[in-house]
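For reference, entry-v1.cif is printed below; it contains mmCIF, C-alpha atoms.
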```
data_upload
loop_
_atom_site.label_atom_id
_atom_site.label_comp_id
_atom_site.auth_asym_id
_atom_site.auth_seq_id
_atom_site.Cartn_x
_atom_site.Cartn_y
_atom_site.Cartn_z
CA MET A 1 98.27 104.74 91.19
CA ARG A 2 99.45 102.49 88.51
CA SER A 3 101.94 103.48 85.91
CA ARG A 4 100.62 103.51 82.35
CA ALA A 5 103.65 101.38 81.47
CA ALA A 6 102.23 98.69 83.74
CA VAL A 7 99.00 98.40 81.76
CA PRO A 8 99.15 95.63 79.15
CA ALA A 9 97.79 96.93 75.87
CA HIS A 10 95.73 93.82 75.22
CA THR A 11 93.88 93.81 78.54
CA GLY A 12 93.77 97.33 79.95
CA LEU A 13 94.38 95.83 83.41
CA PRO A 14 97.36 96.70 85.60
CA VAL A 15 99.79 93.89 86.19
CA GLY A 16 99.13 92.21 89.50
CA THR A 17 95.82 93.96 90.09
CA ALA A 18 93.16 91.92 91.82
CA PRO A 19 89.58 92.06 90.53
CA ALA A 20 87.34 94.54 92.30
CA ASP A 21 85.45 91.83 94.12
CA GLY A 22 88.37 89.52 94.77
CA PRO A 23 89.95 86.64 92.84
CA SER A 24 87.97 83.96 91.06
CA PRO A 25 87.38 80.75 93.00
CA SER A 26 90.08 78.17 92.48
CA GLY A 27 89.38 75.97 89.53
CA SER A 28 86.60 78.12 88.09
CA PRO A 29 86.97 79.65 84.62
CA ALA A 30 88.48 83.12 84.70
CA PRO A 31 86.05 85.84 83.57
CA SER A 32 86.78 87.56 80.30
CA ARG A 33 89.08 90.51 80.82
CA ALA A 34 87.86 92.53 77.86
CA PRO A 35 84.43 93.41 79.34
CA ARG A 36 86.06 94.16 82.71
CA ALA A 37 88.58 96.48 81.09
CA ALA A 38 85.84 98.24 79.11
CA SER A 39 83.75 98.75 82.25
CA GLY A 40 86.56 100.52 84.11
CA PRO A 41 86.16 103.94 82.46
CA LEU A 42 82.36 103.72 82.77
CA LEU A 43 82.62 103.07 86.51
CA VAL A 44 84.96 106.04 87.00
CA LEU A 45 82.68 108.28 84.92
CA ALA A 46 79.67 107.23 87.00
CA ALA A 47 81.58 108.09 90.17
CA ALA A 48 82.62 111.44 88.71
CA ALA A 49 79.01 112.29 87.85
CA LEU A 50 78.00 111.70 91.48
CA TRP A 51 80.95 113.76 92.73
CA GLY A 52 79.81 116.59 90.51
CA THR A 53 76.70 117.00 92.66
CA THR A 54 78.64 117.68 95.89
CA GLY A 55 79.06 121.42 95.55
CA THR A 56 75.43 122.01 94.63
CA ALA A 57 74.24 119.78 97.48
CA ALA A 58 76.54 121.60 99.91
CA SER A 59 75.05 124.94 98.84
CA PHE A 60 71.77 123.88 100.49
CA ALA A 61 73.42 123.49 103.90
CA PRO A 62 72.39 125.96 106.64
CA SER A 63 74.18 129.30 106.41
CA GLY A 64 75.98 128.74 109.71
CA ALA A 65 77.52 125.44 108.61
CA SER A 66 81.22 125.77 107.83
CA SER A 67 82.95 124.22 104.85
CA LEU A 68 85.12 122.25 107.28
CA SER A 69 82.07 120.62 108.85
CA ILE A 70 80.58 119.77 105.46
CA GLY A 71 83.83 118.25 104.20
CA ALA A 72 84.41 116.34 107.43
CA ALA A 73 80.84 115.00 107.40
CA THR A 74 81.07 113.93 103.77
CA MET A 75 84.27 111.91 103.91
CA GLY A 76 84.35 111.25 107.65
CA VAL A 77 80.94 109.61 107.91
CA GLY A 78 81.15 108.39 104.31
CA GLY A 79 84.61 106.97 104.96
CA LEU A 80 83.29 105.08 107.97
CA LEU A 81 80.52 103.60 105.79
CA THR A 82 83.09 102.62 103.16
CA LEU A 83 85.14 100.89 105.86
CA LEU A 84 82.08 98.99 107.09
CA ILE A 85 81.29 97.84 103.55
CA ALA A 86 84.87 96.59 103.13
CA GLY A 87 84.72 94.74 106.45
CA ARG A 88 87.63 92.54 107.45
CA SER A 89 89.26 92.87 104.04
CA ALA A 90 90.26 96.45 104.92
CA LEU A 91 92.12 95.20 107.98
CA GLY A 92 94.05 92.87 105.70
CA VAL A 93 95.49 95.93 103.98
CA LEU A 94 97.01 97.11 107.26
CA ARG A 95 98.65 93.72 107.67
CA GLY A 96 99.87 93.58 104.08
CA GLY A 97 103.50 94.49 104.72
CA ARG A 98 105.47 97.69 105.17
CA ALA A 99 105.06 99.04 101.62
CA THR A 100 101.30 98.44 101.58
CA LEU A 101 100.89 99.91 105.05
CA LEU A 102 102.86 103.01 104.03
CA SER A 103 100.66 103.46 100.94
CA ALA A 104 97.55 103.13 103.11
CA LEU A 105 98.79 105.64 105.70
CA VAL A 106 99.87 108.24 103.13
CA GLY A 107 96.64 107.71 101.20
CA GLY A 108 94.59 108.01 104.39
CA LEU A 109 96.29 111.31 105.23
CA ALA A 110 95.53 112.63 101.74
CA VAL A 111 91.91 111.50 102.16
CA ALA A 112 91.70 113.57 105.36
CA VAL A 113 93.19 116.67 103.72
CA TYR A 114 91.12 116.53 100.53
CA PRO A 115 87.57 117.34 101.72
CA LEU A 116 88.69 120.06 104.11
CA VAL A 117 90.47 122.04 101.40
CA PHE A 118 88.08 121.08 98.58
CA TYR A 119 84.91 122.30 100.28
CA THR A 120 86.68 125.43 101.49
CA SER A 121 87.85 126.05 97.93
CA MET A 122 84.26 125.91 96.70
CA ALA A 123 83.09 128.13 99.56
CA TRP A 124 85.68 130.77 98.69
CA ALA A 125 85.81 130.62 94.89
CA GLY A 126 82.41 129.15 93.98
CA VAL A 127 81.20 125.65 93.17
CA ALA A 128 82.18 125.64 89.49
CA THR A 129 85.58 127.28 89.94
CA GLY A 130 86.60 125.25 92.98
CA THR A 131 85.60 121.99 91.33
CA VAL A 132 87.25 122.67 87.99
CA ILE A 133 90.52 123.81 89.58
CA THR A 134 90.61 120.74 91.84
CA ILE A 135 89.73 118.10 89.28
CA GLY A 136 91.44 119.87 86.39
CA SER A 137 94.76 119.89 88.25
CA ALA A 138 94.51 116.32 89.58
CA PRO A 139 95.58 114.59 86.32
CA VAL A 140 98.67 116.79 86.21
CA PHE A 141 99.66 115.85 89.74
CA ALA A 142 98.86 112.18 89.05
CA ALA A 143 101.03 112.10 85.95
CA LEU A 144 103.88 113.83 87.78
CA LEU A 145 103.63 111.28 90.59
CA GLU A 146 103.85 108.45 88.07
CA ARG A 147 106.82 110.18 86.41
CA VAL A 148 108.75 110.65 89.66
CA LEU A 149 107.84 107.40 91.43
CA ASP A 150 107.27 104.99 88.53
CA GLY A 151 109.40 106.47 85.79
CA THR A 152 106.49 106.91 83.40
CA ARG A 153 107.50 109.04 80.41
CA LEU A 154 105.65 112.32 79.88
CA THR A 155 104.84 112.67 76.20
CA ALA A 156 104.67 115.81 74.08
CA ARG A 157 100.94 115.21 73.72
CA TRP A 158 100.58 115.15 77.51
CA THR A 159 102.57 118.40 77.81
CA THR A 160 100.37 120.11 75.21
CA ALA A 161 97.20 118.92 76.90
CA THR A 162 98.49 120.03 80.31
CA VAL A 163 99.26 123.54 79.05
CA ALA A 164 95.71 123.71 77.61
CA ALA A 165 94.27 122.52 80.93
CA ALA A 166 96.30 125.09 82.88
CA ALA A 167 95.08 127.83 80.54
CA GLY A 168 91.52 126.63 81.11
CA CYS A 169 91.97 126.76 84.87
CA CYS A 170 93.33 130.31 84.64
CA ALA A 171 90.47 131.42 82.40
CA LEU A 172 87.88 130.01 84.76
CA ALA A 173 89.57 131.40 87.87
CA LEU A 174 89.87 134.89 86.37
CA THR A 175 86.40 135.16 84.80
CA GLY A 176 84.13 133.04 87.00
CA HIS A 177 81.83 134.98 89.33
CA GLY A 178 80.99 132.29 91.85
CA GLY A 179 83.51 133.54 94.38
CA ALA A 180 81.92 136.92 94.77
CA ALA A 181 78.66 135.34 95.77
CA ALA A 182 80.40 132.80 97.98
CA GLY A 183 83.37 133.54 100.21
CA GLY A 184 84.74 136.25 97.91
CA ASN A 185 88.32 134.90 98.08
CA VAL A 186 88.95 133.54 94.60
CA PRO A 187 92.79 133.45 94.80
CA GLY A 188 92.65 131.59 98.10
CA GLY A 189 90.01 129.25 96.71
CA VAL A 190 92.17 128.53 93.66
CA ALA A 191 95.19 127.77 95.88
CA LEU A 192 93.15 125.39 98.02
CA GLY A 193 91.72 123.82 94.86
CA LEU A 194 95.25 123.04 93.71
CA LEU A 195 96.03 121.51 97.11
CA ALA A 196 92.85 119.44 96.85
CA GLY A 197 93.86 118.29 93.36
CA ALA A 198 97.24 117.18 94.69
CA SER A 199 95.60 115.36 97.61
CA TYR A 200 93.19 113.61 95.25
CA ALA A 201 96.08 112.48 93.04
CA VAL A 202 98.02 111.18 96.05
CA TYR A 203 95.24 109.05 97.50
CA THR A 204 94.32 107.77 94.04
CA TYR A 205 97.95 106.76 93.47
CA CYS A 206 98.18 105.13 96.90
CA GLY A 207 94.88 103.32 96.47
CA ALA A 208 96.05 101.87 93.16
CA GLY A 209 99.28 100.78 94.83
CA VAL A 210 97.32 98.84 97.43
CA ILE A 211 95.23 97.21 94.69
CA ARG A 212 98.37 96.38 92.75
CA ALA A 213 99.74 94.65 95.85
CA GLY A 214 96.92 92.10 95.55
CA HIS A 215 94.07 93.58 97.61
CA SER A 216 90.57 94.12 96.25
CA SER A 217 89.45 97.61 95.34
CA ARG A 218 86.85 97.47 98.11
CA ALA A 219 89.54 96.64 100.69
CA SER A 220 91.77 99.42 99.35
CA MET A 221 89.06 102.08 99.50
CA GLY A 222 87.88 100.83 102.90
CA ALA A 223 91.37 101.04 104.40
CA LEU A 224 92.23 104.49 103.01
CA PHE A 225 88.89 106.09 103.82
CA GLY A 226 88.70 104.37 107.19
CA LEU A 227 92.08 105.87 108.10
CA GLY A 228 90.96 109.26 106.80
CA ALA A 229 87.82 109.03 108.92
CA LEU A 230 89.98 108.76 112.05
CA VAL A 231 91.06 112.36 111.39
CA LEU A 232 87.83 113.72 109.90
CA LEU A 233 85.33 112.48 112.48
CA PRO A 234 86.94 114.49 115.34
CA VAL A 235 86.89 117.55 113.04
CA PHE A 236 83.20 116.91 112.39
CA ALA A 237 82.52 116.54 116.12
CA ALA A 238 84.16 119.92 116.75
CA THR A 239 82.55 121.84 113.88
CA GLY A 240 79.33 120.01 112.97
CA GLY A 241 76.91 121.64 115.43
CA PRO A 242 75.42 124.21 113.00
CA LEU A 243 75.18 121.61 110.24
CA LEU A 244 73.25 119.16 112.40
CA GLY A 245 71.13 121.86 114.06
CA GLU A 246 68.56 121.87 111.25
CA GLY A 247 66.80 119.10 109.39
CA ARG A 248 68.02 120.52 106.11
CA GLY A 249 71.61 120.26 107.29
CA ILE A 250 71.13 116.65 108.37
CA ALA A 251 69.67 115.82 104.95
CA VAL A 252 72.60 117.48 103.17
CA ALA A 253 75.15 115.67 105.35
CA ALA A 254 73.39 112.32 104.83
CA TYR A 255 73.25 112.76 101.06
CA LEU A 256 76.89 113.79 100.80
CA ALA A 257 78.10 110.93 103.00
CA VAL A 258 76.07 108.20 101.28
CA VAL A 259 75.81 109.13 97.58
CA PRO A 260 78.82 111.15 96.32
CA MET A 261 81.07 109.66 98.98
CA CYS A 262 80.22 106.04 99.82
CA VAL A 263 78.45 104.95 96.62
CA ALA A 264 80.73 106.96 94.33
CA TYR A 265 83.93 105.66 95.87
CA VAL A 266 82.75 102.06 95.67
CA LEU A 267 82.25 102.68 91.94
CA PHE A 268 85.58 104.51 91.72
CA GLY A 269 87.44 101.72 93.49
CA ALA A 270 85.97 99.15 91.11
CA GLY A 271 87.02 101.29 88.15
CA LEU A 272 90.45 101.84 89.68
CA ALA A 273 91.10 98.10 89.51
CA ARG A 274 90.74 98.32 85.71
CA VAL A 275 92.46 101.59 84.70
CA SER A 276 95.66 103.40 85.64
CA ALA A 277 95.93 106.25 88.13
CA SER A 278 96.45 108.91 85.47
CA GLN A 279 93.56 107.54 83.41
CA ALA A 280 91.27 107.56 86.44
CA THR A 281 92.09 111.16 87.33
CA THR A 282 91.68 112.22 83.70
CA LEU A 283 88.29 110.53 83.46
CA SER A 284 87.36 112.40 86.63
CA LEU A 285 87.35 115.57 84.52
CA PHE A 286 83.72 114.70 83.92
CA GLU A 287 83.04 115.88 87.49
CA PRO A 288 83.63 119.60 86.81
CA VAL A 289 81.40 119.38 83.74
CA VAL A 290 78.54 118.23 85.97
CA ALA A 291 79.50 120.67 88.73
CA ALA A 292 79.70 123.65 86.37
CA VAL A 293 76.31 122.90 84.81
CA LEU A 294 74.65 122.43 88.21
CA GLY A 295 76.44 125.49 89.60
CA VAL A 296 74.94 127.64 86.87
CA ALA A 297 71.53 125.96 86.56
CA VAL A 298 70.80 125.34 90.25
CA VAL A 299 73.06 127.51 92.41
CA GLY A 300 72.83 130.51 90.10
CA GLU A 301 76.53 131.10 89.55
CA ARG A 302 77.58 132.99 86.44
CA LEU A 303 80.41 131.93 84.13
CA GLY A 304 81.56 134.23 81.35
CA ALA A 305 82.50 133.15 77.83
CA TRP A 306 86.15 132.77 78.80
CA ALA A 307 85.23 130.59 81.74
CA TRP A 308 83.26 128.23 79.51
CA ALA A 309 86.21 128.24 77.09
CA GLY A 310 88.35 127.22 80.05
CA ARG A 311 86.00 124.35 80.69
CA GLU A 312 86.45 123.30 77.05
CA ASP A 313 90.23 123.33 77.54
CA GLN A 314 89.77 120.95 80.46
CA GLN A 315 87.76 118.61 78.23
CA ALA A 316 90.46 118.88 75.55
CA GLN A 317 92.95 117.49 78.05
CA GLU A 318 90.84 114.36 78.41
CA ASP A 319 90.47 114.02 74.64
CA GLN A 320 94.24 114.35 74.14
CA ARG A 321 94.97 111.70 76.76
CA TYR A 322 92.89 109.12 74.91
CA ALA A 323 93.57 110.15 71.32
#
```
As structure tokens, how would this structure be written, given the file I've shared?
Amino acid sequence: MRSRAAVPAHTGLPVGTAPADGPSPSGSPAPSRAPRAASGPLLVLAAAALWGTTGTAASFAPSGASSLSIGAATMGVGGLLTLLIAGRSALGVLRGGRATLLSALVGGLAVAVYPLVFYTSMAWAGVATGTVITIGSAPVFAALLERVLDGTRLTARWTTATVAAAAGCCALALTGHGGAAAGGNVPGGVALGLLAGASYAVYTYCGAGVIRAGHSSRASMGALFGLGALVLLPVFAATGGPLLGEGRGIAVAAYLAVVPMCVAYVLFGAGLARVSASQATTLSLFEPVVAAVLGVAVVGERLGAWAWAGREDQQAQEDQRYA
């Protein structure tokens, strides 16, 4: 993703970033940057709200459907749709030079890893816990990536907010009861949630790098998710029988592939062209809010007082980042 140092204070746009729908026609007046910058966080929040429905939707899958098949269907089929929407522009990313190609390949690999471990995390630890651990840890990994690769300074405020977020994750993991009703392996689910958070941060960082190289957000998302689909679709072919064996499973797979995958990532890519990587992952903390509420209200999971306090710590991290 983009370094925060690369974001001009007066525009909110990363240096060298192309608009989400491509550059303005030659000779035409450039659109105002202020409305575009302001829309970036809203687009990411809209995507996060749709992502927050994934765990609840997955809970309606047939009992024989594995978490691997659900994850592979979501981002394998959804990634293929995202590639088709991007069209030829996604192929331009693969011809964009060695650095851009490397970003696309690493990002595509992270895309392939993410749904497999994320959906398994929710299956083992519960929808609310798996989602909060994944998305709550992603801003930490994103900021560390920017620190190591871009030299972005980590502030005392960031450190304080990160400690609060980590405490929130621990509180939720230790007091949530979703895992008992799900796979019953909360520690394993937490570990996979952390791996999913790291994968999410990596492909977000790589996607922003492709955008920064001059490609549109649609081309960037199409290339990364198209490459990820090359890995995920064979996994889906090998594991998707039980999921596709019932009409309910087909409906779940279709919803996950189209709405929280394809539509959400088009929104996310457009927002990613206007905010930095660490900002995007921090804004994504809205996802576990939605997931936790739906997990309790729809799935019937139970979160104790400490778990909800942990959720508040996650929100405090977002507030600190933008204070």
query = What's the 10 Å shell around Gly64 (chain A), counting only C-alpha atoms, without same-chain residues fewer than 6 positions away, as a ChimeraX atom specification?
reply = /A:240-243,245,249
query = Evaluating the PyMOL selection byres ((chain A and resi 109) around 10) on the displayed file yields which residues, as a list of chain:residue names?
reply = A:Ser103, A:Ala104, A:Leu105, A:Val106, A:Gly107, A:Gly108, A:Ala110, A:Val111, A:Ala112, A:Val113, A:Tyr114, A:Ser199, A:Val202, A:Tyr203, A:Leu224, A:Phe225, A:Leu227, A:Gly228, A:Ala229, A:Leu230, A:Val231, A:Leu232
Excluding same-chain residues fewer than 3 positions from Ala61 (chain A), what lies within 10 Å of it counting all atoms listed in the file, as a compact mmCIF listing (two decimals) with C-alpha atoms, in the frame of the given file?
```txt
# COMPACT_ATOMS: atom_id res chain seq x y z
CA THR A 56 75.43 122.01 94.63
CA ALA A 57 74.24 119.78 97.48
CA ALA A 58 76.54 121.60 99.91
CA GLY A 64 75.98 128.74 109.71
CA ALA A 65 77.52 125.44 108.61
CA SER A 66 81.22 125.77 107.83
CA SER A 67 82.95 124.22 104.85
CA ILE A 70 80.58 119.77 105.46
CA PRO A 242 75.42 124.21 113.00
CA LEU A 243 75.18 121.61 110.24
CA LEU A 244 73.25 119.16 112.40
CA GLU A 246 68.56 121.87 111.25
CA GLY A 247 66.80 119.10 109.39
CA ARG A 248 68.02 120.52 106.11
CA GLY A 249 71.61 120.26 107.29
CA ILE A 250 71.13 116.65 108.37
CA ALA A 251 69.67 115.82 104.95
CA VAL A 252 72.60 117.48 103.17
CA ALA A 253 75.15 115.67 105.35
```
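Interatomic distance, CA of Glu146 (chain A) against CA of Thr54 (chain A): 28.0 Å.
Near (88.2, 92.5, 105.1), the residues that fall inside 12 Å on the basis of only C-alpha atoms are Asp21, Gly22, Thr82, Leu83, Leu84, Ile85, Ala86, Gly87, Arg88, Ser89, Ala90, Leu91, Gly92, Val93, Leu94, Arg95, Gly96, His215, Ser216, Ser217, Arg218, Ala219, Ser220, Met221, Gly222 and Ala223 of chain A.
The shortest atom-to-atom distance to Val275 (chain A), with only C-alpha atoms taken into account, belongs to A:Ile211 out of A:Ala292, A:Leu256, A:Leu194, A:Ile211.
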message = Evaluate the PyMOL selection byres ((chain A and resi 236) around 8) against this structure - the residues, as a ChimeraX atom specification, please.
response = /A:68-70,72-73,76,232-235,237-240
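Between CA of Ala208 (chain A) and CA of Leu149 (chain A) there is a distance of 13.1 Å.
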ask   = Just how far from CA of Phe268 (chain A) is CA of Ala46 (chain A), in Å to one decimal?
value = 8.0 Å
request  = Please provide the set of residues having any atom within 6 Å of region 183-192 of chain A, restricted to all atoms listed in the file, with same-chain residues fewer than 4 positions apart removed, written as a list in words.
outcome  = Val117, Ser121, Ala123, Trp124, Ala125 and Gly179 of chain A
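Between Arg274 (chain A) and the candidates A:Leu102, A:Pro115, A:Leu81, A:Arg212, the tightest atom-to-atom separation, counting all atoms listed in the file, involves A:Arg212.
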Region 280-294 of chain A: axis-aligned bounding box, 4 Å on each side, centre and edge lengths in Å, one decimal, as JSON:
```
{"center_x": 83.4, "center_y": 115.6, "center_z": 86.1, "size_x": 25.4, "size_y": 24.1, "size_z": 13.3}
```
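Nearest to Ala277 (chain A) of all the residues A:Gly209, A:Gly55, A:Gly193, A:Gly126 is A:Gly209, based on only C-alpha atoms.
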inquiry  = Here's the selection I'm unsure about, the PyMOL selection byres ((chain A and resi 129-139) around 7); applied to the file above, which residues does it give, as a VMD selection string?
reply    = chain A and resid 121 to 122 125 to 128 140 to 143 165 169 172 to 173 176 189 to 190 193 to 194 196 to 198 200 to 201 278 281 to 282 284 to 285 288 291 314
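Proximity of A:Val290, A:Leu272, A:Leu154, A:Ala297 to Val44 (chain A), computed with only C-alpha atoms, is greatest for A:Leu272.
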